[in-house]
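Written out below as structure tokens is the structure these notes cover.
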Amino acid sequence: MHHLGATRSSLKPDHLLQTPDTFIRTPLPGAENVDFIIHAAPQLGARFTQMTAAFAAGGSLGYASGQRFLYVLEGELELEAGKRSHSLVPGGFAYLPQDAPHTVHAKSASRAAVIEKPYQRQTGAALPEIVVGDESQIASTALMGDEGLRVRALMPDEPPYDFAVNTMTYDPGSALSMVEIHVMEHGLLMLEGGGIYRLGDSWYPVEAGDFIWMAAYCPQWFGALGKKPAKYLIYKDWRRHPLGA
Ligand code: UGY
Ligand code: MN
């Protein structure tokens, strides 16, 4: 299949829109029977990696490069960590601190978003702990009081943790109330629905399956279009001084 060189994907110095027609799969050391689509990496300018891992039944992840966050998109993963075993199904997620021993096996063909980041310790703060949860059990908050835009925070918002991962659900017609420009960078996976994403000085139609990387200070805005809610999973670095102190 070819598209005569056309794609919605776009790479600019401060953002990447990567649509599924441009995804290339790669193996990674330590993982068995898993293909990775590496969406964001230092080679792009990101200070974290974000991948989609496509597991064959029985496939397993290898070691993590830094902290690891998993969000299951499809199938069932078995996580062993902290002397406990957890079954993760779609909407299930887990955070493993840097160097926390763990294994991840796919019980059936599965897909998961995998985010990894070198840990930035905060002087005086306790070390982070393993977190395992299910998005459906997390209460949502209305962003800036807008009930049409609901945020679920999957990571604890506490000093030991140096990044956040949220889901954001927009009713059709809902939008961010402002163009954001901020020091944090983002990795974003569209999970459901679609709309228009402003990135820098460009406006893009986006839909479920698309990935977006936004560099620090990339102007950003989203408005949901269509008949059903739009939902995305969004990473940001969080709670650390920009000078690294
Ligand atoms: O948390 C955020 O910065 C979020 N509101 N950004 C975004 O949705 N592009
Ligand atoms: Mn933002």
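Going by the structure tokens order, chains are called A, B, ..., each with residues numbered from 1, while ligands are numbered from 1 in the order shown.
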A:Gly145 surroundings by only C-alpha atoms, 12 Å radius, close-in-sequence under 6 positions cut, as an mmCIF file with N, CA and C atoms, in the first residue's frame:
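Final file, result-v9.cif:
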data_model
loop_
_atom_site.group_PDB
_atom_site.id
_atom_site.type_symbol
_atom_site.label_atom_id
_atom_site.label_comp_id
_atom_site.auth_asym_id
_atom_site.auth_seq_id
_atom_site.Cartn_x
_atom_site.Cartn_y
_atom_site.Cartn_z
ATOM 1 N N VAL A 151 -9.897 15.209 33.466
ATOM 2 C CA VAL A 151 -8.502 14.756 33.597
ATOM 3 C C VAL A 151 -8.422 13.678 34.661
ATOM 4 N N LEU A 176 -9.279 22.971 24.954
ATOM 5 C CA LEU A 176 -8.464 23.641 25.968
ATOM 6 C C LEU A 176 -8.882 25.110 25.973
ATOM 7 N N SER A 177 -8.948 25.715 27.152
ATOM 8 C CA SER A 177 -9.469 27.081 27.242
ATOM 9 C C SER A 177 -8.424 28.118 26.842
#
Among the residues of stretch 23-237 of chain A, find those DSSP assigns to strand (DSSP E or B) from the backbone and print them as a short mmCIF file (atom, residue, chain, number, x, y, z; two decimals) with C-alpha atoms, in the first residue's frame.
data_model
loop_
_atom_site.label_atom_id
_atom_site.label_comp_id
_atom_site.auth_asym_id
_atom_site.auth_seq_id
_atom_site.Cartn_x
_atom_site.Cartn_y
_atom_site.Cartn_z
CA THR A 26 11.83 -2.44 15.72
CA GLU A 32 11.29 -11.26 23.37
CA ASN A 33 8.47 -11.47 20.86
CA VAL A 34 7.71 -7.78 21.17
CA ASP A 35 7.86 -5.20 18.36
CA PHE A 36 8.32 -1.57 19.37
CA ILE A 37 7.28 1.61 17.64
CA ILE A 38 9.58 4.22 19.13
CA HIS A 39 7.62 7.45 19.02
CA ALA A 40 9.83 9.75 21.08
CA THR A 49 11.28 7.62 25.41
CA GLN A 50 7.73 6.71 24.52
CA MET A 51 6.92 3.57 22.58
CA THR A 52 4.04 1.37 21.65
CA ALA A 53 4.96 -2.23 22.45
CA ALA A 54 3.15 -4.88 20.39
CA PHE A 55 3.45 -8.23 22.19
CA ALA A 56 2.85 -11.65 20.67
CA ALA A 57 1.22 -14.03 23.18
CA GLY A 58 4.00 -14.99 25.62
CA GLY A 59 6.15 -11.98 24.67
CA SER A 60 8.10 -10.22 27.40
CA GLN A 67 11.88 4.55 35.30
CA ARG A 68 9.16 2.74 33.36
CA PHE A 69 5.46 3.49 32.98
CA LEU A 70 3.09 1.04 31.24
CA TYR A 71 -0.49 1.63 30.09
CA VAL A 72 -2.27 -1.33 28.52
CA LEU A 73 -4.11 -0.61 25.27
CA GLU A 74 -5.16 -4.13 24.29
CA LEU A 77 -0.10 -8.31 30.61
CA GLU A 78 1.18 -10.02 33.72
CA LEU A 79 3.44 -7.80 35.79
CA GLU A 80 5.59 -9.24 38.57
CA ALA A 81 7.03 -6.55 40.78
CA ARG A 84 3.42 -9.40 43.74
CA SER A 85 1.80 -10.41 40.51
CA HIS A 86 -0.67 -8.12 38.76
CA SER A 87 -2.87 -8.73 35.75
CA LEU A 88 -3.13 -5.58 33.63
CA GLY A 92 -4.50 -0.90 33.61
CA PHE A 93 -1.23 0.87 34.27
CA ALA A 94 1.95 0.50 36.30
CA TYR A 95 4.92 2.62 37.34
CA LEU A 96 8.24 0.98 38.13
CA HIS A 102 10.18 -6.60 37.53
CA THR A 103 9.01 -8.77 34.65
CA VAL A 104 6.23 -8.18 32.12
CA HIS A 105 4.73 -11.08 30.14
CA ALA A 106 1.87 -11.00 27.67
CA SER A 110 -1.31 -7.27 23.62
CA ARG A 111 -0.36 -3.65 23.06
CA ALA A 112 0.87 -1.18 25.63
CA ALA A 113 2.19 2.38 25.78
CA VAL A 114 5.63 2.31 27.41
CA ILE A 115 7.29 5.47 28.73
CA GLU A 116 10.81 5.49 30.17
CA LYS A 117 12.71 8.37 31.75
CA VAL A 131 2.35 2.11 41.52
CA VAL A 132 -0.23 -0.21 39.93
CA GLY A 133 -3.72 0.91 39.05
CA ASP A 134 -6.69 0.89 36.75
CA THR A 141 -11.37 16.35 37.74
CA ALA A 142 -12.84 19.02 35.47
CA LEU A 143 -10.00 21.04 33.93
CA ASP A 146 -14.95 22.69 32.56
CA GLU A 147 -17.07 19.53 33.01
CA GLY A 148 -16.64 18.78 29.29
CA LEU A 149 -12.89 18.24 29.80
CA ARG A 150 -11.99 15.58 32.35
CA VAL A 151 -8.50 14.76 33.60
CA ARG A 152 -7.46 11.56 35.35
CA ALA A 153 -4.01 11.60 36.99
CA PHE A 163 6.78 12.99 35.74
CA ALA A 164 3.03 12.89 35.32
CA VAL A 165 0.84 10.76 33.06
CA ASN A 166 -2.79 11.76 32.69
CA THR A 167 -5.71 10.87 30.50
CA MET A 168 -7.77 13.77 29.18
CA THR A 169 -11.28 13.22 27.86
CA TYR A 170 -13.02 15.94 25.83
CA ALA A 175 -11.40 22.47 23.90
CA GLU A 180 -0.57 26.57 26.45
CA HIS A 186 4.72 16.14 26.25
CA GLY A 187 4.31 12.69 24.74
CA LEU A 188 0.69 12.18 23.68
CA LEU A 189 -1.12 9.13 22.34
CA MET A 190 -4.62 9.66 20.94
CA LEU A 191 -6.77 6.87 22.36
CA GLU A 192 -10.28 7.71 21.15
CA GLY A 194 -10.33 13.08 17.28
CA GLY A 195 -10.18 16.79 16.68
CA ILE A 196 -7.81 19.58 15.76
CA TYR A 197 -4.42 19.95 17.45
CA ARG A 198 -2.57 23.24 17.25
CA LEU A 199 1.18 22.66 17.51
CA SER A 202 0.27 24.59 12.53
CA TRP A 203 -3.21 23.09 12.98
CA TYR A 204 -3.56 19.35 12.39
CA PRO A 205 -6.55 17.00 12.17
CA VAL A 206 -5.78 14.13 14.58
CA GLU A 207 -7.49 10.86 15.47
CA PHE A 211 1.18 10.12 18.47
CA ILE A 212 2.37 13.67 19.21
CA TRP A 213 5.60 14.89 20.78
CA MET A 214 5.67 18.51 21.96
CA GLN A 220 -0.39 23.82 21.99
CA TRP A 221 -4.17 23.72 21.87
CA PHE A 222 -6.76 21.00 21.19
CA GLY A 223 -10.43 21.06 20.30
CA ALA A 224 -12.50 17.85 20.02
CA LEU A 225 -14.63 17.24 16.93
CA ALA A 230 -11.85 12.45 22.23
CA LYS A 231 -9.40 10.99 24.71
CA TYR A 232 -5.64 11.00 24.98
CA LEU A 233 -2.87 9.72 27.24
CA ILE A 234 -0.39 12.50 27.98
CA TYR A 235 3.06 12.46 29.61
CA LYS A 236 4.84 15.49 31.00
CA ASP A 237 7.98 16.02 33.05
#
Give the helix (DSSP H, G or I) residues of stretch 21-189 of chain A, as DSSP finds them on the backbone, and put them as number ranges by chain. A: 21-22, 42-44, 135-137
Restricted to N, CA and C atoms, what would the selected residues look like written as an mmCIF file, in the first residue's frame?
data_model
loop_
_atom_site.group_PDB
_atom_site.id
_atom_site.type_symbol
_atom_site.label_atom_id
_atom_site.label_comp_id
_atom_site.auth_asym_id
_atom_site.auth_seq_id
_atom_site.Cartn_x
_atom_site.Cartn_y
_atom_site.Cartn_z
ATOM 1 N N ASP A 21 0.336 5.392 9.591
ATOM 2 C CA ASP A 21 0.868 4.991 8.280
ATOM 3 C C ASP A 21 2.377 5.163 8.202
ATOM 4 N N THR A 22 2.976 5.898 9.159
ATOM 5 C CA THR A 22 4.440 6.107 9.131
ATOM 6 C C THR A 22 5.160 5.320 10.231
ATOM 7 N N PRO A 42 15.584 10.555 22.647
ATOM 8 C CA PRO A 42 16.542 11.669 22.610
ATOM 9 C C PRO A 42 16.947 12.059 21.188
ATOM 10 N N GLN A 43 16.947 11.098 20.254
ATOM 11 C CA GLN A 43 17.302 11.416 18.867
ATOM 12 C C GLN A 43 16.362 12.454 18.265
ATOM 13 N N LEU A 44 15.157 12.553 18.819
ATOM 14 C CA LEU A 44 14.166 13.529 18.360
ATOM 15 C C LEU A 44 14.336 14.868 19.071
ATOM 16 N N GLU A 135 -7.258 2.742 35.325
ATOM 17 C CA GLU A 135 -7.764 4.093 35.048
ATOM 18 C C GLU A 135 -9.239 4.238 35.425
ATOM 19 N N SER A 136 -10.021 3.160 35.259
ATOM 20 C CA SER A 136 -11.467 3.270 35.511
ATOM 21 C C SER A 136 -11.764 3.522 36.994
ATOM 22 N N GLN A 137 -10.770 3.267 37.859
ATOM 23 C CA GLN A 137 -10.972 3.479 39.298
ATOM 24 C C GLN A 137 -10.519 4.867 39.748
#
Best match for closeness to ligand 1 among A:Leu243, A:Ala125, A:Val89, A:Ala216, counting only C-alpha atoms and all ligand atoms: A:Ala216
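Proximity to A:Asp201 was assessed for A:Asp99, A:Asp14, A:Glu158, A:Glu185 counting only C-alpha atoms; the smallest distance is recorded for A:Asp14.
Atom CA of A:Gly193 is found 20.7 Å from atom CA of A:Met178.
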Which residue of A:Glu76, A:Asp162, A:Glu129, A:Asp210 approaches A:Arg8 most closely, using only C-alpha atoms: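 Result for the nearest residue to A:Arg8: A:Asp210.
Minimum atom-to-atom distances from A:Ala41, A:Pro242, A:Gln98, A:His15 to ligand 1 were compared using only C-alpha atoms and all ligand atoms, and the lowest value belongs to A:His15.
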How far is it from atom CA of A:Arg239 to atom 7 (C, counted along the ligand's line) of ligand 1, in Å with one decimal? 16.5 Å
